[in-house]
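Trainee: Pasting target-v2.pdb below, which is PDB, C-alpha atoms and all ligand atoms.
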MODEL        1
ATOM      1  CA  MET X  11       0.000   0.000   0.000  1.00  0.00           C
ATOM      2  CA  ARG X  12       2.990   2.271   0.513  1.00  0.00           C
ATOM      3  CA  GLU X  13       3.950   1.753  -3.130  1.00  0.00           C
ATOM      4  CA  ALA X  14       0.411   2.300  -4.399  1.00  0.00           C
ATOM      5  CA  GLY X  15       0.314   5.402  -2.207  1.00  0.00           C
ATOM      6  CA  ARG X  16       3.573   6.755  -3.581  1.00  0.00           C
ATOM      7  CA  ILE X  17       2.398   6.361  -7.176  1.00  0.00           C
ATOM      8  CA  THR X  18      -0.859   8.089  -6.263  1.00  0.00           C
ATOM      9  CA  GLY X  19       0.934  11.000  -4.614  1.00  0.00           C
ATOM     10  CA  GLU X  20       3.313  11.375  -7.540  1.00  0.00           C
ATOM     11  CA  ALA X  21       0.388  11.494  -9.953  1.00  0.00           C
ATOM     12  CA  LEU X  22      -0.854  14.575  -8.087  1.00  0.00           C
ATOM     13  CA  LEU X  23       2.600  16.122  -8.400  1.00  0.00           C
ATOM     14  CA  VAL X  24       2.537  15.494 -12.140  1.00  0.00           C
ATOM     15  CA  ALA X  25      -0.833  17.223 -12.359  1.00  0.00           C
ATOM     16  CA  ARG X  26       0.251  20.163 -10.213  1.00  0.00           C
ATOM     17  CA  GLU X  27       3.219  20.843 -12.467  1.00  0.00           C
ATOM     18  CA  ARG X  28       0.883  21.208 -15.440  1.00  0.00           C
ATOM     19  CA  ILE X  29      -1.816  23.364 -13.887  1.00  0.00           C
ATOM     20  CA  ARG X  30      -2.058  26.780 -15.540  1.00  0.00           C
ATOM     21  CA  PRO X  31      -4.709  28.913 -17.215  1.00  0.00           C
ATOM     22  CA  GLY X  32      -5.576  27.456 -20.631  1.00  0.00           C
ATOM     23  CA  ILE X  33      -5.014  23.749 -19.940  1.00  0.00           C
ATOM     24  CA  SER X  34      -7.981  21.391 -20.214  1.00  0.00           C
ATOM     25  CA  THR X  35      -8.933  18.943 -17.505  1.00  0.00           C
ATOM     26  CA  LYS X  36      -8.571  16.182 -20.117  1.00  0.00           C
ATOM     27  CA  ASP X  37      -4.910  17.147 -20.601  1.00  0.00           C
ATOM     28  CA  LEU X  38      -4.368  16.850 -16.847  1.00  0.00           C
ATOM     29  CA  ASP X  39      -6.150  13.498 -16.799  1.00  0.00           C
ATOM     30  CA  ASP X  40      -3.989  12.177 -19.644  1.00  0.00           C
ATOM     31  CA  ALA X  41      -0.793  13.173 -17.802  1.00  0.00           C
ATOM     32  CA  ILE X  42      -2.031  11.465 -14.648  1.00  0.00           C
ATOM     33  CA  ARG X  43      -2.948   8.257 -16.472  1.00  0.00           C
ATOM     34  CA  HIS X  44       0.382   8.227 -18.291  1.00  0.00           C
ATOM     35  CA  HIS X  45       2.307   8.551 -15.020  1.00  0.00           C
ATOM     36  CA  ILE X  46       0.358   5.796 -13.284  1.00  0.00           C
ATOM     37  CA  GLU X  47       0.679   3.367 -16.188  1.00  0.00           C
ATOM     38  CA  LYS X  48       4.394   4.138 -16.574  1.00  0.00           C
ATOM     39  CA  GLN X  49       4.833   2.872 -13.006  1.00  0.00           C
ATOM     40  CA  GLY X  50       3.157  -0.421 -13.888  1.00  0.00           C
ATOM     41  CA  ALA X  51       0.030   0.555 -11.973  1.00  0.00           C
ATOM     42  CA  LYS X  52      -3.551   1.172 -13.041  1.00  0.00           C
ATOM     43  CA  PRO X  53      -5.728   4.229 -12.405  1.00  0.00           C
ATOM     44  CA  SER X  54      -8.122   3.077  -9.675  1.00  0.00           C
ATOM     45  CA  PHE X  55     -10.998   5.274 -10.831  1.00  0.00           C
ATOM     46  CA  LEU X  56     -10.910   4.487 -14.561  1.00  0.00           C
ATOM     47  CA  GLY X  57     -14.061   2.439 -15.122  1.00  0.00           C
ATOM     48  CA  LEU X  58     -14.893   2.356 -11.398  1.00  0.00           C
ATOM     49  CA  TYR X  59     -18.717   2.285 -11.291  1.00  0.00           C
ATOM     50  CA  GLY X  60     -18.366   3.336 -14.960  1.00  0.00           C
ATOM     51  CA  PHE X  61     -16.352   6.543 -14.364  1.00  0.00           C
ATOM     52  CA  PRO X  62     -14.788   7.649 -17.686  1.00  0.00           C
ATOM     53  CA  GLY X  63     -11.601   9.364 -16.400  1.00  0.00           C
ATOM     54  CA  SER X  64      -8.435   8.374 -14.547  1.00  0.00           C
ATOM     55  CA  ALA X  65      -8.886  11.229 -12.083  1.00  0.00           C
ATOM     56  CA  CYS X  66     -11.858  13.210 -10.847  1.00  0.00           C
ATOM     57  CA  ILE X  67     -11.174  16.860 -11.683  1.00  0.00           C
ATOM     58  CA  SER X  68     -13.575  19.372 -10.159  1.00  0.00           C
ATOM     59  CA  ILE X  69     -13.452  23.151 -10.527  1.00  0.00           C
ATOM     60  CA  ASN X  70     -14.626  25.882  -8.104  1.00  0.00           C
ATOM     61  CA  ASP X  71     -18.201  25.025  -6.971  1.00  0.00           C
ATOM     62  CA  GLU X  72     -17.811  21.422  -8.122  1.00  0.00           C
ATOM     63  CA  VAL X  73     -17.207  19.391  -4.979  1.00  0.00           C
ATOM     64  CA  ILE X  74     -16.142  15.996  -6.355  1.00  0.00           C
ATOM     65  CA  HIS X  75     -16.402  13.588  -9.298  1.00  0.00           C
ATOM     66  CA  GLY X  76     -15.858  16.128 -12.078  1.00  0.00           C
ATOM     67  CA  ILE X  77     -15.343  14.370 -15.409  1.00  0.00           C
ATOM     68  CA  PRO X  78     -12.147  15.302 -17.296  1.00  0.00           C
ATOM     69  CA  SER X  79     -13.003  17.025 -20.578  1.00  0.00           C
ATOM     70  CA  LYS X  80     -11.174  18.749 -23.412  1.00  0.00           C
ATOM     71  CA  ASP X  81     -13.868  21.441 -23.169  1.00  0.00           C
ATOM     72  CA  ARG X  82     -13.149  22.285 -19.523  1.00  0.00           C
ATOM     73  CA  ILE X  83     -10.365  24.844 -19.633  1.00  0.00           C
ATOM     74  CA  LEU X  84      -8.781  26.136 -16.430  1.00  0.00           C
ATOM     75  CA  GLN X  85      -9.025  29.905 -15.957  1.00  0.00           C
ATOM     76  CA  GLU X  86      -6.944  32.309 -13.890  1.00  0.00           C
ATOM     77  CA  GLY X  87      -8.456  32.470 -10.392  1.00  0.00           C
ATOM     78  CA  ASP X  88     -10.021  28.996 -10.451  1.00  0.00           C
ATOM     79  CA  ILE X  89      -9.434  26.426  -7.768  1.00  0.00           C
ATOM     80  CA  VAL X  90      -9.169  22.877  -9.093  1.00  0.00           C
ATOM     81  CA  LYS X  91      -9.579  19.667  -7.139  1.00  0.00           C
ATOM     82  CA  ILE X  92      -7.782  16.599  -8.382  1.00  0.00           C
ATOM     83  CA  ASP X  93      -8.719  13.266  -6.840  1.00  0.00           C
ATOM     84  CA  VAL X  94      -6.752  10.245  -7.994  1.00  0.00           C
ATOM     85  CA  GLY X  95      -6.085   6.628  -7.105  1.00  0.00           C
ATOM     86  CA  ALA X  96      -3.535   4.044  -8.238  1.00  0.00           C
ATOM     87  CA  PHE X  97      -3.882   0.265  -8.088  1.00  0.00           C
ATOM     88  CA  TYR X  98      -0.552  -1.521  -7.703  1.00  0.00           C
ATOM     89  CA  LYS X  99       0.232  -5.138  -6.820  1.00  0.00           C
ATOM     90  CA  GLY X 100      -3.260  -5.731  -5.509  1.00  0.00           C
ATOM     91  CA  TYR X 101      -3.756  -2.564  -3.459  1.00  0.00           C
ATOM     92  CA  HIS X 102      -5.108   0.930  -3.958  1.00  0.00           C
ATOM     93  CA  GLY X 103      -4.007   4.410  -2.960  1.00  0.00           C
ATOM     94  CA  ASP X 104      -6.408   7.389  -2.953  1.00  0.00           C
ATOM     95  CA  SER X 105      -5.502  11.062  -2.570  1.00  0.00           C
ATOM     96  CA  ALA X 106      -6.854  14.491  -3.462  1.00  0.00           C
ATOM     97  CA  ARG X 107      -5.611  18.062  -3.416  1.00  0.00           C
ATOM     98  CA  THR X 108      -7.039  21.483  -4.254  1.00  0.00           C
ATOM     99  CA  PHE X 109      -4.745  23.653  -6.359  1.00  0.00           C
ATOM    100  CA  PRO X 110      -4.921  27.353  -7.252  1.00  0.00           C
ATOM    101  CA  VAL X 111      -4.880  28.317 -10.942  1.00  0.00           C
ATOM    102  CA  GLY X 112      -2.733  31.435 -11.170  1.00  0.00           C
ATOM    103  CA  LYS X 113      -3.704  34.102  -8.639  1.00  0.00           C
ATOM    104  CA  ILE X 114      -6.780  33.279  -6.568  1.00  0.00           C
ATOM    105  CA  SER X 115      -8.858  35.308  -4.112  1.00  0.00           C
ATOM    106  CA  ASP X 116      -7.853  35.529  -0.459  1.00  0.00           C
ATOM    107  CA  GLU X 117     -11.084  33.779   0.487  1.00  0.00           C
ATOM    108  CA  ALA X 118     -10.387  30.868  -1.865  1.00  0.00           C
ATOM    109  CA  ALA X 119      -6.855  30.574  -0.483  1.00  0.00           C
ATOM    110  CA  ARG X 120      -8.261  30.533   3.051  1.00  0.00           C
ATOM    111  CA  LEU X 121     -10.723  27.763   2.153  1.00  0.00           C
ATOM    112  CA  ILE X 122      -7.888  25.651   0.725  1.00  0.00           C
ATOM    113  CA  ALA X 123      -5.686  26.225   3.784  1.00  0.00           C
ATOM    114  CA  VAL X 124      -8.463  25.440   6.278  1.00  0.00           C
ATOM    115  CA  THR X 125      -9.385  22.275   4.359  1.00  0.00           C
ATOM    116  CA  LYS X 126      -5.788  21.076   4.435  1.00  0.00           C
ATOM    117  CA  GLN X 127      -5.445  21.775   8.150  1.00  0.00           C
ATOM    118  CA  SER X 128      -8.788  20.072   8.860  1.00  0.00           C
ATOM    119  CA  PHE X 129      -7.275  16.877   7.443  1.00  0.00           C
ATOM    120  CA  TYR X 130      -4.450  17.143   9.984  1.00  0.00           C
ATOM    121  CA  GLU X 131      -6.951  17.829  12.765  1.00  0.00           C
ATOM    122  CA  GLY X 132      -8.650  14.575  11.772  1.00  0.00           C
ATOM    123  CA  ILE X 133      -5.345  12.709  11.676  1.00  0.00           C
ATOM    124  CA  GLY X 134      -4.654  13.913  15.223  1.00  0.00           C
ATOM    125  CA  ALA X 135      -7.692  11.929  16.380  1.00  0.00           C
ATOM    126  CA  ILE X 136      -6.480   8.667  14.806  1.00  0.00           C
ATOM    127  CA  LYS X 137      -5.181   6.686  17.751  1.00  0.00           C
ATOM    128  CA  ILE X 138      -5.567   3.047  18.747  1.00  0.00           C
ATOM    129  CA  GLY X 139      -8.713   2.787  20.866  1.00  0.00           C
ATOM    130  CA  ASN X 140     -10.323   5.976  19.530  1.00  0.00           C
ATOM    131  CA  ARG X 141     -13.474   5.800  17.393  1.00  0.00           C
ATOM    132  CA  ILE X 142     -14.297   6.804  13.833  1.00  0.00           C
ATOM    133  CA  GLY X 143     -16.540   9.564  15.218  1.00  0.00           C
ATOM    134  CA  ASP X 144     -13.527  11.204  16.853  1.00  0.00           C
ATOM    135  CA  ILE X 145     -11.959  11.847  13.438  1.00  0.00           C
ATOM    136  CA  GLY X 146     -14.993  13.568  11.934  1.00  0.00           C
ATOM    137  CA  HIS X 147     -15.648  15.533  15.096  1.00  0.00           C
ATOM    138  CA  ALA X 148     -12.121  16.962  14.991  1.00  0.00           C
ATOM    139  CA  ILE X 149     -12.465  17.910  11.324  1.00  0.00           C
ATOM    140  CA  ASP X 150     -15.926  19.456  11.616  1.00  0.00           C
ATOM    141  CA  THR X 151     -15.167  21.388  14.794  1.00  0.00           C
ATOM    142  CA  TYR X 152     -12.107  22.961  13.208  1.00  0.00           C
ATOM    143  CA  VAL X 153     -13.902  23.885   9.981  1.00  0.00           C
ATOM    144  CA  ARG X 154     -16.896  25.443  11.741  1.00  0.00           C
ATOM    145  CA  GLY X 155     -14.523  27.780  13.539  1.00  0.00           C
ATOM    146  CA  PHE X 156     -13.899  29.474  10.188  1.00  0.00           C
ATOM    147  CA  GLY X 157     -17.557  29.637   9.173  1.00  0.00           C
ATOM    148  CA  PHE X 158     -17.150  26.881   6.574  1.00  0.00           C
ATOM    149  CA  SER X 159     -19.184  23.671   6.398  1.00  0.00           C
ATOM    150  CA  THR X 160     -18.430  19.975   5.999  1.00  0.00           C
ATOM    151  CA  VAL X 161     -20.061  17.987   3.208  1.00  0.00           C
ATOM    152  CA  ARG X 162     -22.320  15.315   4.718  1.00  0.00           C
ATOM    153  CA  LYS X 163     -23.468  13.343   1.711  1.00  0.00           C
ATOM    154  CA  PHE X 164     -20.001  12.046   0.797  1.00  0.00           C
ATOM    155  CA  VAL X 165     -17.489  10.628   3.232  1.00  0.00           C
ATOM    156  CA  GLY X 166     -14.070   9.008   3.579  1.00  0.00           C
ATOM    157  CA  HIS X 167     -13.689   5.255   3.595  1.00  0.00           C
ATOM    158  CA  GLY X 168     -11.643   2.176   4.321  1.00  0.00           C
ATOM    159  CA  ILE X 169      -9.281   1.235   1.492  1.00  0.00           C
ATOM    160  CA  GLY X 170      -7.150  -1.786   0.572  1.00  0.00           C
ATOM    161  CA  ARG X 171      -7.832  -4.413  -2.058  1.00  0.00           C
ATOM    162  CA  ASP X 172     -10.846  -2.308  -3.036  1.00  0.00           C
ATOM    163  CA  VAL X 173     -10.870   1.477  -3.329  1.00  0.00           C
ATOM    164  CA  HIS X 174     -13.944   1.803  -1.179  1.00  0.00           C
ATOM    165  CA  GLU X 175     -14.149  -0.492   1.824  1.00  0.00           C
ATOM    166  CA  SER X 176     -15.754  -0.255   5.233  1.00  0.00           C
ATOM    167  CA  PRO X 177     -15.767   1.629   7.453  1.00  0.00           C
ATOM    168  CA  ASP X 178     -17.249   4.912   6.285  1.00  0.00           C
ATOM    169  CA  VAL X 179     -15.180   7.816   7.608  1.00  0.00           C
ATOM    170  CA  PRO X 180     -17.487  10.854   7.813  1.00  0.00           C
ATOM    171  CA  ASN X 181     -15.974  14.317   8.126  1.00  0.00           C
ATOM    172  CA  PHE X 182     -18.365  15.046  10.986  1.00  0.00           C
ATOM    173  CA  GLY X 183     -19.299  12.923  13.955  1.00  0.00           C
ATOM    174  CA  THR X 184     -19.835  12.377  17.628  1.00  0.00           C
ATOM    175  CA  PRO X 185     -16.776  11.783  19.813  1.00  0.00           C
ATOM    176  CA  GLY X 186     -16.586   8.243  21.180  1.00  0.00           C
ATOM    177  CA  ARG X 187     -19.029   6.846  18.603  1.00  0.00           C
ATOM    178  CA  GLY X 188     -18.563   4.564  15.641  1.00  0.00           C
ATOM    179  CA  PRO X 189     -16.168   1.678  14.937  1.00  0.00           C
ATOM    180  CA  ARG X 190     -13.081   1.444  17.130  1.00  0.00           C
ATOM    181  CA  LEU X 191      -9.704   2.248  15.550  1.00  0.00           C
ATOM    182  CA  CYS X 192      -7.144  -0.531  15.718  1.00  0.00           C
ATOM    183  CA  ALA X 193      -3.658  -1.218  14.362  1.00  0.00           C
ATOM    184  CA  GLY X 194      -3.770  -2.328  10.726  1.00  0.00           C
ATOM    185  CA  LEU X 195      -6.659  -0.065   9.790  1.00  0.00           C
ATOM    186  CA  VAL X 196      -6.106   1.779   6.509  1.00  0.00           C
ATOM    187  CA  ILE X 197      -8.513   4.582   5.628  1.00  0.00           C
ATOM    188  CA  ALA X 198      -8.859   7.480   3.209  1.00  0.00           C
ATOM    189  CA  VAL X 199      -9.473  10.628   5.254  1.00  0.00           C
ATOM    190  CA  GLU X 200     -10.872  13.259   2.916  1.00  0.00           C
ATOM    191  CA  PRO X 201     -12.490  16.431   4.176  1.00  0.00           C
ATOM    192  CA  MET X 202     -14.692  18.097   1.532  1.00  0.00           C
ATOM    193  CA  ILE X 203     -15.227  21.627   2.822  1.00  0.00           C
ATOM    194  CA  ASN X 204     -17.682  24.189   1.502  1.00  0.00           C
ATOM    195  CA  GLN X 205     -17.554  27.964   1.769  1.00  0.00           C
ATOM    196  CA  GLY X 206     -21.324  28.134   2.353  1.00  0.00           C
ATOM    197  CA  THR X 207     -23.941  25.448   2.880  1.00  0.00           C
ATOM    198  CA  TYR X 208     -22.953  21.802   3.212  1.00  0.00           C
ATOM    199  CA  ASP X 209     -25.770  20.885   0.836  1.00  0.00           C
ATOM    200  CA  VAL X 210     -24.709  19.503  -2.505  1.00  0.00           C
ATOM    201  CA  GLN X 211     -26.410  18.766  -5.794  1.00  0.00           C
ATOM    202  CA  MET X 212     -25.776  16.099  -8.432  1.00  0.00           C
ATOM    203  CA  LEU X 213     -25.601  17.421 -11.985  1.00  0.00           C
ATOM    204  CA  PRO X 214     -27.536  15.751 -14.819  1.00  0.00           C
ATOM    205  CA  ASP X 215     -24.323  14.027 -16.030  1.00  0.00           C
ATOM    206  CA  GLY X 216     -24.838  11.679 -13.085  1.00  0.00           C
ATOM    207  CA  TRP X 217     -21.325  12.306 -11.733  1.00  0.00           C
ATOM    208  CA  THR X 218     -20.459  15.909 -11.005  1.00  0.00           C
ATOM    209  CA  VAL X 219     -21.425  17.049  -7.512  1.00  0.00           C
ATOM    210  CA  LYS X 220     -21.736  20.811  -6.952  1.00  0.00           C
ATOM    211  CA  THR X 221     -22.390  22.923  -3.898  1.00  0.00           C
ATOM    212  CA  ALA X 222     -26.118  23.686  -3.693  1.00  0.00           C
ATOM    213  CA  ASP X 223     -25.425  27.427  -3.290  1.00  0.00           C
ATOM    214  CA  ARG X 224     -22.710  27.428  -6.004  1.00  0.00           C
ATOM    215  CA  ARG X 225     -20.079  28.747  -3.626  1.00  0.00           C
ATOM    216  CA  LEU X 226     -16.586  27.226  -3.542  1.00  0.00           C
ATOM    217  CA  SER X 227     -15.586  23.823  -2.245  1.00  0.00           C
ATOM    218  CA  ALA X 228     -12.161  22.355  -1.398  1.00  0.00           C
ATOM    219  CA  HIS X 229     -10.939  18.783  -0.911  1.00  0.00           C
ATOM    220  CA  TYR X 230      -7.868  17.261   0.748  1.00  0.00           C
ATOM    221  CA  GLU X 231      -7.311  13.528   0.998  1.00  0.00           C
ATOM    222  CA  ASN X 232      -4.658  11.022   1.921  1.00  0.00           C
ATOM    223  CA  THR X 233      -4.626   7.282   2.460  1.00  0.00           C
ATOM    224  CA  VAL X 234      -3.366   6.676   6.001  1.00  0.00           C
ATOM    225  CA  ALA X 235      -2.458   3.537   7.943  1.00  0.00           C
ATOM    226  CA  LEU X 236      -2.794   3.165  11.698  1.00  0.00           C
ATOM    227  CA  THR X 237       0.040   1.096  13.196  1.00  0.00           C
ATOM    228  CA  GLU X 238       1.334   0.315  16.683  1.00  0.00           C
ATOM    229  CA  GLU X 239       3.932   3.035  16.023  1.00  0.00           C
ATOM    230  CA  GLY X 240       1.393   5.639  14.954  1.00  0.00           C
ATOM    231  CA  VAL X 241      -0.144   6.931  11.739  1.00  0.00           C
ATOM    232  CA  ILE X 242       1.629   6.562   8.390  1.00  0.00           C
ATOM    233  CA  ASN X 243       0.550   8.857   5.560  1.00  0.00           C
ATOM    234  CA  LEU X 244       0.848   6.538   2.557  1.00  0.00           C
ATOM    235  CA  THR X 245       0.096   9.075  -0.181  1.00  0.00           C
ATOM    236  CA  GLU X 246       2.146  12.040   1.075  1.00  0.00           C
ATOM    237  CA  VAL X 247       5.058  12.759  -1.250  1.00  0.00           C
ATOM    238  CA  GLU X 248       6.013  16.292  -0.180  1.00  0.00           C
ATOM    239  CA  ILE X 249       3.763  18.012  -2.657  1.00  0.00           C
ATOM    240  CA  GLY X 250       2.959  21.161  -0.743  1.00  0.00           C
ATOM    241  CA  GLU X 251      -0.656  22.336  -0.993  1.00  0.00           C
TER     242      GLU X 251
HETATM  243 MG    MG Q 301     -10.168  10.196  -3.586  1.00  0.00          MG
HETATM  244 MG    MG Q 302     -11.463   8.558  -1.315  1.00  0.00          MG
ENDMDL
END
Have the structure of the file written as structure tokens, please.
Ligand code: MG
Ligand code: MG

Mentor:
Amino acid sequence: MREAGRITGEALLVARERIRPGISTKDLDDAIRHHIEKQGAKPSFLGLYGFPGSACISINDEVIHGIPSKDRILQEGDIVKIDVGAFYKGYHGDSARTFPVGKISDEAARLIAVTKQSFYEGIGAIKIGNRIGDIGHAIDTYVRGFGFSTVRKFVGHGIGRDVHESPDVPNFGTPGRGPRLCAGLVIAVEPMINQGTYDVQMLPDGWTVKTADRRLSAHYENTVALTEEGVINLTEVEIGE
């Protein structure tokens, strides 16, 4: 899973290097797929439940599951979420980041920074003997402090031989509730944080999820393993944002 995680993290690096005004989300998706396949891995999302891309690429008020397209061109001031997974030697990695396109507004930058830190607040609650609810409570409490909201309809998840395994890992929760955390657990922790309401809406394409109020949304995800020695971030490859 460390190897699958590394390939996943590197794919995000590859995408980040290419992000600029004028590039299409299809171009980013092609670069991601090329990197993953070059490593002898497979894009986890390609064909998953019928998804047509290697990565989910979602812009501004799109929360998750944006479909890469040659007609979606990044513009100066956009924020773009890239969510990618790699399947290698029987195991998956899953990671997402939100990147600025050129110069973005202070408020967008703040949303990205708070979303990233909310992930680390969640990670701080991952300890042997704690509960799943402790993770989401830490994330949601932090985010609310900034006036942002936590998406409820989509959640993190266990991950291993399948991309999506039990348990669900909501980004909100009640301390001390939910499945107990034990050594060997591997989960994708992925706060999806909205500027306004937590309500979301599915577009007619059957994939793209937008904020109901069309304000911005940010996403930050890593695949993490809980061990006797602590938490290992399997998809972190020093990629900044
Ligand atoms: Mg993901
Ligand atoms: Mg995930």

Trainee: Show me which residues sit within 9 Å of ligand MG 302 (chain Q) when counting all atoms listed in the file, and put them as a list in words.

Mentor: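 The residues within 9 Å of ligand MG 302 (chain Q), counting all atoms listed in the file, are Asp93, Val94, Gly95, Gly103, Asp104, Ser105, Ala106, Val165, Gly166, His167, Gly168, Ile169, Val173, His174, Ile197, Ala198, Val199, Glu200, Glu231, Asn232 and Thr233 of chain X.
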
Trainee: Restricting the calculation to all atoms listed in the file: of X:Ile42, X:Val24, X:Cys192, X:Ile74, which residue gets closest to ligand MG 301 (chain Q)?

Mentor: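 Of X:Ile42, X:Val24, X:Cys192, X:Ile74, the one nearest ligand MG 301 (chain Q) is X:Ile74, counting all atoms listed in the file.
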
Trainee: Have a look at X:Lys163, X:Lys91, X:Arg28, X:His44 and name the one nearest to Phe182 (chain X); count only C-alpha atoms.

Mentor: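 Once distances to Phe182 (chain X) are computed over only C-alpha atoms, the minimum belongs to X:Lys163.
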
Trainee: Which of these, X:Thr160, X:Thr207, X:Ser227, X:Thr237, has the shortest distance to Ala193 (chain X) once you count only C-alpha atoms?

Mentor: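 Using only C-alpha atoms, Ala193 (chain X) sits closest to X:Thr237.
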
Trainee: I need the residue nearest ligand MG 301 (chain Q) from this list: X:Trp217, X:Gln85, X:Glu238, X:Ala65. Use all atoms listed in the file for the distance.

Mentor: X:Ala65
